[in-house]
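Participant: Here it is: the structure, laid out below.
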Amino acid sequence: MNEAQIGLLIVSPLLIGMVVLLYCQGVMTRSGATLAALASVGTVAWLFFTQ
């Protein structure tokens with residue numbers, strides 16, 4: 001595993017945590033939070049496996 005993949009593994013939970021935090025504060029709707037979380041997971045997976 002290279003440094004970029006380790007960075008992705010560290011950043012992805014932080015992104016999802018931020019989405020959950022914004023949803024709990026009422027900034028995002030449920031569908032928006034779901035879409036943001038799925039988009040971040042998909043992007044991280046794509047970048048992780050293409051490194």
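Letters A, B, ... go to the chains of the structure tokens in the order shown; residues in each chain start at 1; ligands are counted from 1 in the same order.
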Write out as a VMD selection string each polymer residue whose atoms come within 9 Å of A:Thr34, counting only C-alpha atoms; drop sequence neighbours fewer than 5 positions from it.
Facilitator: chain A and resid 19 29 39
Participant: Take the residues just selected and output them with all heavy atoms as a PDB file, in the first residue's frame.
Facilitator:
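Written output follows (selection-v1.pdb):
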```pdb
ATOM      1  N   VAL A  19     -20.093  14.774   6.738  1.00  0.00           N
ATOM      2  CA  VAL A  19     -21.445  14.695   6.176  1.00  0.00           C
ATOM      3  C   VAL A  19     -22.458  14.417   7.285  1.00  0.00           C
ATOM      4  O   VAL A  19     -23.516  15.056   7.348  1.00  0.00           O
ATOM      5  CB  VAL A  19     -21.510  13.601   5.081  1.00  0.00           C
ATOM      6  CG1 VAL A  19     -22.940  13.283   4.703  1.00  0.00           C
ATOM      7  CG2 VAL A  19     -20.722  14.026   3.858  1.00  0.00           C
ATOM      8  N   THR A  29     -30.018  17.893   3.824  1.00  0.00           N
ATOM      9  CA  THR A  29     -31.165  16.993   3.885  1.00  0.00           C
ATOM     10  C   THR A  29     -30.663  15.551   3.918  1.00  0.00           C
ATOM     11  O   THR A  29     -29.497  15.283   3.670  1.00  0.00           O
ATOM     12  CB  THR A  29     -32.071  17.183   2.664  1.00  0.00           C
ATOM     13  OG1 THR A  29     -31.335  16.863   1.490  1.00  0.00           O
ATOM     14  CG2 THR A  29     -32.589  18.613   2.585  1.00  0.00           C
ATOM     15  N   ALA A  39     -21.128   9.468  -2.919  1.00  0.00           N
ATOM     16  CA  ALA A  39     -20.181  10.039  -3.875  1.00  0.00           C
ATOM     17  C   ALA A  39     -18.761  10.003  -3.323  1.00  0.00           C
ATOM     18  O   ALA A  39     -17.813   9.687  -4.049  1.00  0.00           O
ATOM     19  CB  ALA A  39     -20.581  11.469  -4.225  1.00  0.00           C
TER      20      ALA A  39
END
```
Participant: Near stretch 20-22 of chain A, counting only C-alpha atoms, which residues have an atom at most 8 Å away, once you skip same-chain residues fewer than 5 positions from it, shown as an MDAnalysis selection string?
Facilitator: chainID A and resid 27:28 33
Participant: Pick out the residues sitting within 12 Å of A:Ser40, and hand them over as a VMD selection string; count only C-alpha atoms, and ignore anything fewer than 5 positions along from it in its own chain.
Facilitator: chain A and resid 8 to 9 11 to 19 33 to 35 45 to 48
Participant: Could those residues be written to a file, using N, CA, C and O atoms, as a PDB file, in the first residue's frame?
Facilitator:
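File out.pdb, as written:
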```pdb
ATOM      1  N   LEU A   8      -5.979   8.113   1.516  1.00  0.00           N
ATOM      2  CA  LEU A   8      -7.397   7.932   1.191  1.00  0.00           C
ATOM      3  C   LEU A   8      -8.131   7.208   2.320  1.00  0.00           C
ATOM      4  O   LEU A   8      -9.283   7.529   2.630  1.00  0.00           O
ATOM      5  N   LEU A   9      -7.470   6.235   2.931  1.00  0.00           N
ATOM      6  CA  LEU A   9      -8.102   5.507   4.034  1.00  0.00           C
ATOM      7  C   LEU A   9      -8.282   6.390   5.262  1.00  0.00           C
ATOM      8  O   LEU A   9      -9.185   6.172   6.070  1.00  0.00           O
ATOM      9  N   VAL A  11      -8.664   9.865   5.049  1.00  0.00           N
ATOM     10  CA  VAL A  11      -9.554  10.982   4.721  1.00  0.00           C
ATOM     11  C   VAL A  11     -11.004  10.540   4.547  1.00  0.00           C
ATOM     12  O   VAL A  11     -11.920  11.290   4.895  1.00  0.00           O
ATOM     13  N   SER A  12     -11.233   9.344   4.040  1.00  0.00           N
ATOM     14  CA  SER A  12     -12.608   8.925   3.756  1.00  0.00           C
ATOM     15  C   SER A  12     -13.503   8.891   4.995  1.00  0.00           C
ATOM     16  O   SER A  12     -14.639   9.386   4.937  1.00  0.00           O
ATOM     17  N   PRO A  13     -13.078   8.353   6.144  1.00  0.00           N
ATOM     18  CA  PRO A  13     -13.960   8.433   7.327  1.00  0.00           C
ATOM     19  C   PRO A  13     -14.185   9.869   7.797  1.00  0.00           C
ATOM     20  O   PRO A  13     -15.258  10.189   8.311  1.00  0.00           O
ATOM     21  N   LEU A  14     -13.192  10.727   7.602  1.00  0.00           N
ATOM     22  CA  LEU A  14     -13.368  12.127   7.978  1.00  0.00           C
ATOM     23  C   LEU A  14     -14.417  12.808   7.105  1.00  0.00           C
ATOM     24  O   LEU A  14     -15.216  13.609   7.595  1.00  0.00           O
ATOM     25  N   LEU A  15     -14.416  12.491   5.816  1.00  0.00           N
ATOM     26  CA  LEU A  15     -15.434  13.049   4.917  1.00  0.00           C
ATOM     27  C   LEU A  15     -16.828  12.600   5.323  1.00  0.00           C
ATOM     28  O   LEU A  15     -17.762  13.406   5.380  1.00  0.00           O
ATOM     29  N   ILE A  16     -16.981  11.325   5.596  1.00  0.00           N
ATOM     30  CA  ILE A  16     -18.289  10.805   5.976  1.00  0.00           C
ATOM     31  C   ILE A  16     -18.710  11.371   7.327  1.00  0.00           C
ATOM     32  O   ILE A  16     -19.887  11.697   7.541  1.00  0.00           O
ATOM     33  N   GLY A  17     -17.760  11.532   8.231  1.00  0.00           N
ATOM     34  CA  GLY A  17     -18.060  12.147   9.521  1.00  0.00           C
ATOM     35  C   GLY A  17     -18.540  13.579   9.360  1.00  0.00           C
ATOM     36  O   GLY A  17     -19.450  14.025  10.065  1.00  0.00           O
ATOM     37  N   MET A  18     -17.946  14.302   8.440  1.00  0.00           N
ATOM     38  CA  MET A  18     -18.367  15.682   8.177  1.00  0.00           C
ATOM     39  C   MET A  18     -19.783  15.712   7.606  1.00  0.00           C
ATOM     40  O   MET A  18     -20.588  16.577   7.968  1.00  0.00           O
ATOM     41  N   VAL A  19     -20.093  14.774   6.738  1.00  0.00           N
ATOM     42  CA  VAL A  19     -21.445  14.695   6.176  1.00  0.00           C
ATOM     43  C   VAL A  19     -22.458  14.417   7.285  1.00  0.00           C
ATOM     44  O   VAL A  19     -23.516  15.056   7.348  1.00  0.00           O
ATOM     45  N   ALA A  33     -27.287  14.243   2.145  1.00  0.00           N
ATOM     46  CA  ALA A  33     -26.239  13.596   2.930  1.00  0.00           C
ATOM     47  C   ALA A  33     -25.925  12.209   2.382  1.00  0.00           C
ATOM     48  O   ALA A  33     -24.759  11.815   2.287  1.00  0.00           O
ATOM     49  N   THR A  34     -26.961  11.478   2.004  1.00  0.00           N
ATOM     50  CA  THR A  34     -26.756  10.149   1.431  1.00  0.00           C
ATOM     51  C   THR A  34     -25.985  10.242   0.126  1.00  0.00           C
ATOM     52  O   THR A  34     -25.046   9.471  -0.104  1.00  0.00           O
ATOM     53  N   LEU A  35     -26.378  11.171  -0.716  1.00  0.00           N
ATOM     54  CA  LEU A  35     -25.692  11.353  -1.994  1.00  0.00           C
ATOM     55  C   LEU A  35     -24.237  11.761  -1.787  1.00  0.00           C
ATOM     56  O   LEU A  35     -23.337  11.249  -2.461  1.00  0.00           O
ATOM     57  N   ALA A  45     -13.048   4.868  -3.429  1.00  0.00           N
ATOM     58  CA  ALA A  45     -12.838   3.513  -3.945  1.00  0.00           C
ATOM     59  C   ALA A  45     -12.175   3.553  -5.318  1.00  0.00           C
ATOM     60  O   ALA A  45     -11.240   2.786  -5.594  1.00  0.00           O
ATOM     61  N   TRP A  46     -12.663   4.430  -6.175  1.00  0.00           N
ATOM     62  CA  TRP A  46     -12.084   4.557  -7.519  1.00  0.00           C
ATOM     63  C   TRP A  46     -10.603   4.941  -7.443  1.00  0.00           C
ATOM     64  O   TRP A  46      -9.753   4.337  -8.080  1.00  0.00           O
ATOM     65  N   LEU A  47     -10.302   5.943  -6.638  1.00  0.00           N
ATOM     66  CA  LEU A  47      -8.912   6.393  -6.516  1.00  0.00           C
ATOM     67  C   LEU A  47      -8.041   5.336  -5.831  1.00  0.00           C
ATOM     68  O   LEU A  47      -6.871   5.167  -6.199  1.00  0.00           O
ATOM     69  N   PHE A  48      -8.595   4.617  -4.852  1.00  0.00           N
ATOM     70  CA  PHE A  48      -7.815   3.614  -4.144  1.00  0.00           C
ATOM     71  C   PHE A  48      -7.396   2.478  -5.069  1.00  0.00           C
ATOM     72  O   PHE A  48      -6.258   2.043  -5.050  1.00  0.00           O
TER      73      PHE A  48
END
```
Participant: If you run DSSP on the backbone, which residues of chain A are helix (DSSP H, G or I), as a CSV table (one decimal) with all heavy atoms, in the first residue's frame?
Facilitator:
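Once written, out-v5.csv looks like this:
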```csv
chain,number,residue,atom,x,y,z
A,3,GLU,N,1.6,5.6,-0.1
A,3,GLU,CA,1.2,6.7,0.7
A,3,GLU,C,-0.2,7.3,0.3
A,3,GLU,O,-1.0,7.8,1.2
A,3,GLU,CB,2.2,7.8,0.7
A,3,GLU,CG,3.5,7.3,1.4
A,3,GLU,CD,4.7,8.1,0.9
A,3,GLU,OE1,4.6,8.9,0.0
A,3,GLU,OE2,5.8,7.8,1.4
A,4,ALA,N,-0.4,7.3,-1.0
A,4,ALA,CA,-1.7,7.9,-1.4
A,4,ALA,C,-2.9,7.0,-1.0
A,4,ALA,O,-3.9,7.6,-0.6
A,4,ALA,CB,-1.7,8.0,-3.0
A,5,GLN,N,-2.7,5.7,-1.0
A,5,GLN,CA,-3.8,4.9,-0.5
A,5,GLN,C,-4.0,5.0,1.0
A,5,GLN,O,-5.2,5.0,1.5
A,5,GLN,CB,-3.5,3.4,-0.9
A,5,GLN,CG,-3.6,3.2,-2.4
A,5,GLN,CD,-3.2,1.8,-2.8
A,5,GLN,OE1,-2.2,1.3,-2.2
A,5,GLN,NE2,-3.8,1.2,-3.8
A,6,ILE,N,-3.0,5.1,1.7
A,6,ILE,CA,-3.1,5.3,3.2
A,6,ILE,C,-3.8,6.7,3.4
A,6,ILE,O,-4.7,6.7,4.3
A,6,ILE,CB,-1.7,5.3,3.8
A,6,ILE,CG1,-1.1,3.9,3.7
A,6,ILE,CG2,-1.8,5.7,5.3
A,6,ILE,CD1,0.3,3.8,4.2
A,7,GLY,N,-3.5,7.7,2.7
A,7,GLY,CA,-4.1,9.0,2.8
A,7,GLY,C,-5.6,8.9,2.5
A,7,GLY,O,-6.4,9.5,3.2
A,8,LEU,N,-6.0,8.1,1.5
A,8,LEU,CA,-7.4,7.9,1.2
A,8,LEU,C,-8.1,7.2,2.3
A,8,LEU,O,-9.3,7.5,2.6
A,8,LEU,CB,-7.5,7.2,-0.1
A,8,LEU,CG,-7.2,7.9,-1.4
A,8,LEU,CD1,-7.1,7.0,-2.6
A,8,LEU,CD2,-8.2,9.0,-1.6
A,9,LEU,N,-7.5,6.2,2.9
A,9,LEU,CA,-8.1,5.5,4.0
A,9,LEU,C,-8.3,6.4,5.3
A,9,LEU,O,-9.2,6.2,6.1
A,9,LEU,CB,-7.3,4.3,4.4
A,9,LEU,CG,-7.3,3.2,3.4
A,9,LEU,CD1,-6.3,2.0,3.8
A,9,LEU,CD2,-8.7,2.6,3.1
A,10,ILE,N,-7.4,7.4,5.4
A,10,ILE,CA,-7.6,8.3,6.5
A,10,ILE,C,-8.6,9.4,6.3
A,10,ILE,O,-9.4,9.7,7.1
A,10,ILE,CB,-6.2,9.0,6.9
A,10,ILE,CG1,-5.2,7.9,7.4
A,10,ILE,CG2,-6.3,10.1,7.8
A,10,ILE,CD1,-3.8,8.4,7.5
A,11,VAL,N,-8.7,9.9,5.0
A,11,VAL,CA,-9.6,11.0,4.7
A,11,VAL,C,-11.0,10.5,4.5
A,11,VAL,O,-11.9,11.3,4.9
A,11,VAL,CB,-9.0,11.7,3.5
A,11,VAL,CG1,-10.0,12.7,2.9
A,11,VAL,CG2,-7.7,12.4,3.8
A,12,SER,N,-11.2,9.3,4.0
A,12,SER,CA,-12.6,8.9,3.8
A,12,SER,C,-13.5,8.9,5.0
A,12,SER,O,-14.6,9.4,4.9
A,12,SER,CB,-12.6,7.6,3.0
A,12,SER,OG,-12.0,6.6,3.8
A,13,PRO,N,-13.1,8.4,6.1
A,13,PRO,CA,-14.0,8.4,7.3
A,13,PRO,C,-14.2,9.9,7.8
A,13,PRO,O,-15.3,10.2,8.3
A,13,PRO,CB,-13.2,7.6,8.4
A,13,PRO,CG,-12.2,6.8,7.7
A,13,PRO,CD,-11.9,7.5,6.4
A,14,LEU,N,-13.2,10.7,7.6
A,14,LEU,CA,-13.4,12.1,8.0
A,14,LEU,C,-14.4,12.8,7.1
A,14,LEU,O,-15.2,13.6,7.6
A,14,LEU,CB,-12.0,12.9,7.9
A,14,LEU,CG,-10.9,12.4,8.8
A,14,LEU,CD1,-9.6,13.1,8.5
A,14,LEU,CD2,-11.4,12.6,10.3
A,15,LEU,N,-14.4,12.5,5.8
A,15,LEU,CA,-15.4,13.0,4.9
A,15,LEU,C,-16.8,12.6,5.3
A,15,LEU,O,-17.8,13.4,5.4
A,15,LEU,CB,-15.2,12.6,3.5
A,15,LEU,CG,-14.0,13.3,2.7
A,15,LEU,CD1,-13.8,12.6,1.4
A,15,LEU,CD2,-14.4,14.8,2.5
A,16,ILE,N,-17.0,11.3,5.6
A,16,ILE,CA,-18.3,10.8,6.0
A,16,ILE,C,-18.7,11.4,7.3
A,16,ILE,O,-19.9,11.7,7.5
A,16,ILE,CB,-18.3,9.3,6.0
A,16,ILE,CG1,-18.1,8.8,4.5
A,16,ILE,CG2,-19.6,8.7,6.6
A,16,ILE,CD1,-17.8,7.3,4.4
A,17,GLY,N,-17.8,11.5,8.2
A,17,GLY,CA,-18.1,12.1,9.5
A,17,GLY,C,-18.5,13.6,9.4
A,17,GLY,O,-19.4,14.0,10.1
A,18,MET,N,-17.9,14.3,8.4
A,18,MET,CA,-18.4,15.7,8.2
A,18,MET,C,-19.8,15.7,7.6
A,18,MET,O,-20.6,16.6,8.0
A,18,MET,CB,-17.4,16.3,7.2
A,18,MET,CG,-17.6,17.8,7.1
A,18,MET,SD,-17.2,18.6,8.6
A,18,MET,CE,-17.1,20.2,8.1
A,19,VAL,N,-20.1,14.8,6.7
A,19,VAL,CA,-21.4,14.7,6.2
A,19,VAL,C,-22.5,14.4,7.3
A,19,VAL,O,-23.5,15.1,7.3
A,19,VAL,CB,-21.5,13.6,5.1
A,19,VAL,CG1,-22.9,13.3,4.7
A,19,VAL,CG2,-20.7,14.0,3.9
A,20,VAL,N,-22.1,13.5,8.2
A,20,VAL,CA,-23.0,13.2,9.3
A,20,VAL,C,-23.2,14.4,10.2
A,20,VAL,O,-24.3,14.7,10.6
A,20,VAL,CB,-22.5,11.9,10.1
A,20,VAL,CG1,-23.3,11.7,11.4
A,20,VAL,CG2,-22.6,10.7,9.2
A,21,LEU,N,-22.1,15.1,10.5
A,21,LEU,CA,-22.2,16.3,11.3
A,21,LEU,C,-23.1,17.3,10.7
A,21,LEU,O,-23.9,17.9,11.4
A,21,LEU,CB,-20.8,16.8,11.6
A,21,LEU,CG,-20.7,18.1,12.4
A,21,LEU,CD1,-21.1,17.8,13.8
A,21,LEU,CD2,-19.3,18.6,12.4
A,22,LEU,N,-22.9,17.6,9.4
A,22,LEU,CA,-23.7,18.6,8.7
A,22,LEU,C,-25.2,18.2,8.7
A,22,LEU,O,-26.1,19.0,8.8
A,22,LEU,CB,-23.2,18.8,7.3
A,22,LEU,CG,-21.9,19.6,7.2
A,22,LEU,CD1,-21.4,19.6,5.8
A,22,LEU,CD2,-22.0,20.9,7.7
A,23,TYR,N,-25.5,16.9,8.5
A,23,TYR,CA,-26.8,16.4,8.6
A,23,TYR,C,-27.5,16.6,10.0
A,23,TYR,O,-28.6,17.0,10.1
A,23,TYR,CB,-26.9,14.9,8.2
A,23,TYR,CG,-28.3,14.3,8.3
A,23,TYR,CD1,-29.3,14.7,7.5
A,23,TYR,CD2,-28.5,13.4,9.3
A,23,TYR,CE1,-30.6,14.2,7.7
A,23,TYR,CE2,-29.8,12.9,9.5
A,23,TYR,CZ,-30.8,13.3,8.7
A,23,TYR,OH,-32.1,12.7,8.8
A,24,CYS,N,-26.7,16.3,11.0
A,24,CYS,CA,-27.2,16.4,12.4
A,24,CYS,C,-27.5,17.9,12.7
A,24,CYS,O,-28.4,18.2,13.5
A,24,CYS,CB,-26.2,15.8,13.4
A,24,CYS,SG,-26.2,14.0,13.3
A,30,ARG,N,-31.6,14.6,4.2
A,30,ARG,CA,-31.2,13.2,4.3
A,30,ARG,C,-30.7,12.7,2.9
A,30,ARG,O,-29.7,12.0,2.8
A,30,ARG,CB,-32.3,12.4,4.8
A,30,ARG,CG,-32.0,10.9,4.9
A,30,ARG,CD,-33.2,10.1,5.3
A,30,ARG,NE,-33.6,10.6,6.6
A,30,ARG,CZ,-33.8,9.8,7.7
A,30,ARG,NH1,-33.5,8.6,7.6
A,30,ARG,NH2,-34.2,10.3,8.8
A,31,SER,N,-31.4,13.1,1.9
A,31,SER,CA,-31.0,12.7,0.5
A,31,SER,C,-29.7,13.3,0.1
A,31,SER,O,-28.9,12.7,-0.5
A,31,SER,CB,-32.1,13.0,-0.5
A,31,SER,OG,-32.4,14.4,-0.5
A,32,GLY,N,-29.5,14.6,0.5
A,32,GLY,CA,-28.2,15.2,0.1
A,32,GLY,C,-27.1,14.6,0.9
A,32,GLY,O,-26.0,14.4,0.3
A,33,ALA,N,-27.3,14.2,2.1
A,33,ALA,CA,-26.2,13.6,2.9
A,33,ALA,C,-25.9,12.2,2.4
A,33,ALA,O,-24.8,11.8,2.3
A,33,ALA,CB,-26.7,13.5,4.4
A,34,THR,N,-27.0,11.5,2.0
A,34,THR,CA,-26.8,10.1,1.4
A,34,THR,C,-26.0,10.2,0.1
A,34,THR,O,-25.0,9.5,-0.1
A,34,THR,CB,-28.1,9.5,1.2
A,34,THR,OG1,-28.8,9.4,2.4
A,34,THR,CG2,-27.9,8.1,0.7
A,35,LEU,N,-26.4,11.2,-0.7
A,35,LEU,CA,-25.7,11.4,-2.0
A,35,LEU,C,-24.2,11.8,-1.8
A,35,LEU,O,-23.3,11.2,-2.5
A,35,LEU,CB,-26.4,12.4,-2.8
A,35,LEU,CG,-25.9,12.6,-4.2
A,35,LEU,CD1,-25.9,11.4,-5.1
A,35,LEU,CD2,-26.6,13.7,-4.9
A,36,ALA,N,-24.0,12.7,-0.9
A,36,ALA,CA,-22.6,13.1,-0.6
A,36,ALA,C,-21.8,11.9,0.0
A,36,ALA,O,-20.6,11.8,-0.4
A,36,ALA,CB,-22.6,14.3,0.4
A,37,ALA,N,-22.3,11.2,0.8
A,37,ALA,CA,-21.6,10.0,1.4
A,37,ALA,C,-21.3,9.0,0.3
A,37,ALA,O,-20.2,8.5,0.2
A,37,ALA,CB,-22.4,9.4,2.5
A,38,LEU,N,-22.3,8.7,-0.5
A,38,LEU,CA,-22.1,7.7,-1.6
A,38,LEU,C,-21.1,8.2,-2.6
A,38,LEU,O,-20.2,7.4,-3.1
A,38,LEU,CB,-23.4,7.3,-2.2
A,38,LEU,CG,-24.3,6.5,-1.4
A,38,LEU,CD1,-25.7,6.3,-2.1
A,38,LEU,CD2,-23.7,5.2,-1.1
A,39,ALA,N,-21.1,9.5,-2.9
A,39,ALA,CA,-20.2,10.0,-3.9
A,39,ALA,C,-18.8,10.0,-3.3
A,39,ALA,O,-17.8,9.7,-4.0
A,39,ALA,CB,-20.6,11.5,-4.2
A,40,SER,N,-18.6,10.3,-2.0
A,40,SER,CA,-17.3,10.3,-1.5
A,40,SER,C,-16.7,8.8,-1.4
A,40,SER,O,-15.5,8.6,-1.7
A,40,SER,CB,-17.2,10.9,-0.1
A,40,SER,OG,-18.0,10.2,0.8
A,41,VAL,N,-17.6,7.9,-1.0
A,41,VAL,CA,-17.1,6.5,-1.0
A,41,VAL,C,-16.8,6.0,-2.4
A,41,VAL,O,-15.8,5.3,-2.6
A,41,VAL,CB,-18.2,5.6,-0.3
A,41,VAL,CG1,-17.9,4.1,-0.5
A,41,VAL,CG2,-18.3,5.9,1.1
A,42,GLY,N,-17.6,6.3,-3.3
A,42,GLY,CA,-17.3,5.9,-4.7
A,42,GLY,C,-16.0,6.5,-5.2
A,42,GLY,O,-15.2,5.9,-5.9
A,43,THR,N,-15.8,7.8,-4.9
A,43,THR,CA,-14.6,8.5,-5.4
A,43,THR,C,-13.3,7.9,-4.7
A,43,THR,O,-12.3,7.6,-5.4
A,43,THR,CB,-14.6,10.0,-5.1
A,43,THR,OG1,-15.8,10.5,-5.7
A,43,THR,CG2,-13.4,10.7,-5.6
A,44,VAL,N,-13.4,7.6,-3.4
A,44,VAL,CA,-12.3,7.1,-2.7
A,44,VAL,C,-12.0,5.7,-3.2
A,44,VAL,O,-10.9,5.3,-3.4
A,44,VAL,CB,-12.6,7.1,-1.2
A,44,VAL,CG1,-11.6,6.2,-0.4
A,44,VAL,CG2,-12.5,8.5,-0.6
A,45,ALA,N,-13.0,4.9,-3.4
A,45,ALA,CA,-12.8,3.5,-3.9
A,45,ALA,C,-12.2,3.6,-5.3
A,45,ALA,O,-11.2,2.8,-5.6
A,45,ALA,CB,-14.2,2.8,-4.0
A,46,TRP,N,-12.7,4.4,-6.2
A,46,TRP,CA,-12.1,4.6,-7.5
A,46,TRP,C,-10.6,4.9,-7.4
A,46,TRP,O,-9.8,4.3,-8.1
A,46,TRP,CB,-12.9,5.6,-8.3
A,46,TRP,CG,-12.3,5.8,-9.7
A,46,TRP,CD1,-11.4,6.8,-10.0
A,46,TRP,CD2,-12.5,5.0,-10.8
A,46,TRP,NE1,-11.1,6.7,-11.4
A,46,TRP,CE2,-11.8,5.6,-11.9
A,46,TRP,CE3,-13.3,3.9,-11.1
A,46,TRP,CZ2,-11.8,5.1,-13.2
A,46,TRP,CZ3,-13.3,3.4,-12.4
A,46,TRP,CH2,-12.6,4.0,-13.4
A,47,LEU,N,-10.3,5.9,-6.6
A,47,LEU,CA,-8.9,6.4,-6.5
A,47,LEU,C,-8.0,5.3,-5.8
A,47,LEU,O,-6.9,5.2,-6.2
A,47,LEU,CB,-8.9,7.7,-5.7
A,47,LEU,CG,-9.4,8.9,-6.4
A,47,LEU,CD1,-9.5,10.1,-5.5
A,47,LEU,CD2,-8.6,9.3,-7.7
A,48,PHE,N,-8.6,4.6,-4.9
A,48,PHE,CA,-7.8,3.6,-4.1
A,48,PHE,C,-7.4,2.5,-5.1
A,48,PHE,O,-6.3,2.0,-5.0
A,48,PHE,CB,-8.6,3.1,-3.0
A,48,PHE,CG,-7.9,2.1,-2.1
A,48,PHE,CD1,-7.0,2.5,-1.1
A,48,PHE,CD2,-8.0,0.7,-2.3
A,48,PHE,CE1,-6.3,1.7,-0.3
A,48,PHE,CE2,-7.3,-0.2,-1.5
A,48,PHE,CZ,-6.5,0.3,-0.5
A,49,PHE,N,-8.3,2.0,-5.9
A,49,PHE,CA,-8.0,0.9,-6.7
A,49,PHE,C,-7.3,1.2,-8.0
A,49,PHE,O,-6.8,0.3,-8.7
A,49,PHE,CB,-9.3,0.1,-7.0
A,49,PHE,CG,-9.8,-0.6,-5.8
A,49,PHE,CD1,-11.1,-0.3,-5.3
A,49,PHE,CD2,-9.1,-1.6,-5.2
A,49,PHE,CE1,-11.5,-0.9,-4.2
A,49,PHE,CE2,-9.6,-2.2,-4.0
A,49,PHE,CZ,-10.8,-1.9,-3.5
A,50,THR,N,-7.3,2.5,-8.4
A,50,THR,CA,-6.5,2.9,-9.6
A,50,THR,C,-5.2,3.4,-9.3
A,50,THR,O,-4.5,3.9,-10.2
A,50,THR,CB,-7.3,3.9,-10.4
A,50,THR,OG1,-7.6,5.1,-9.6
A,50,THR,CG2,-8.7,3.3,-10.9
```
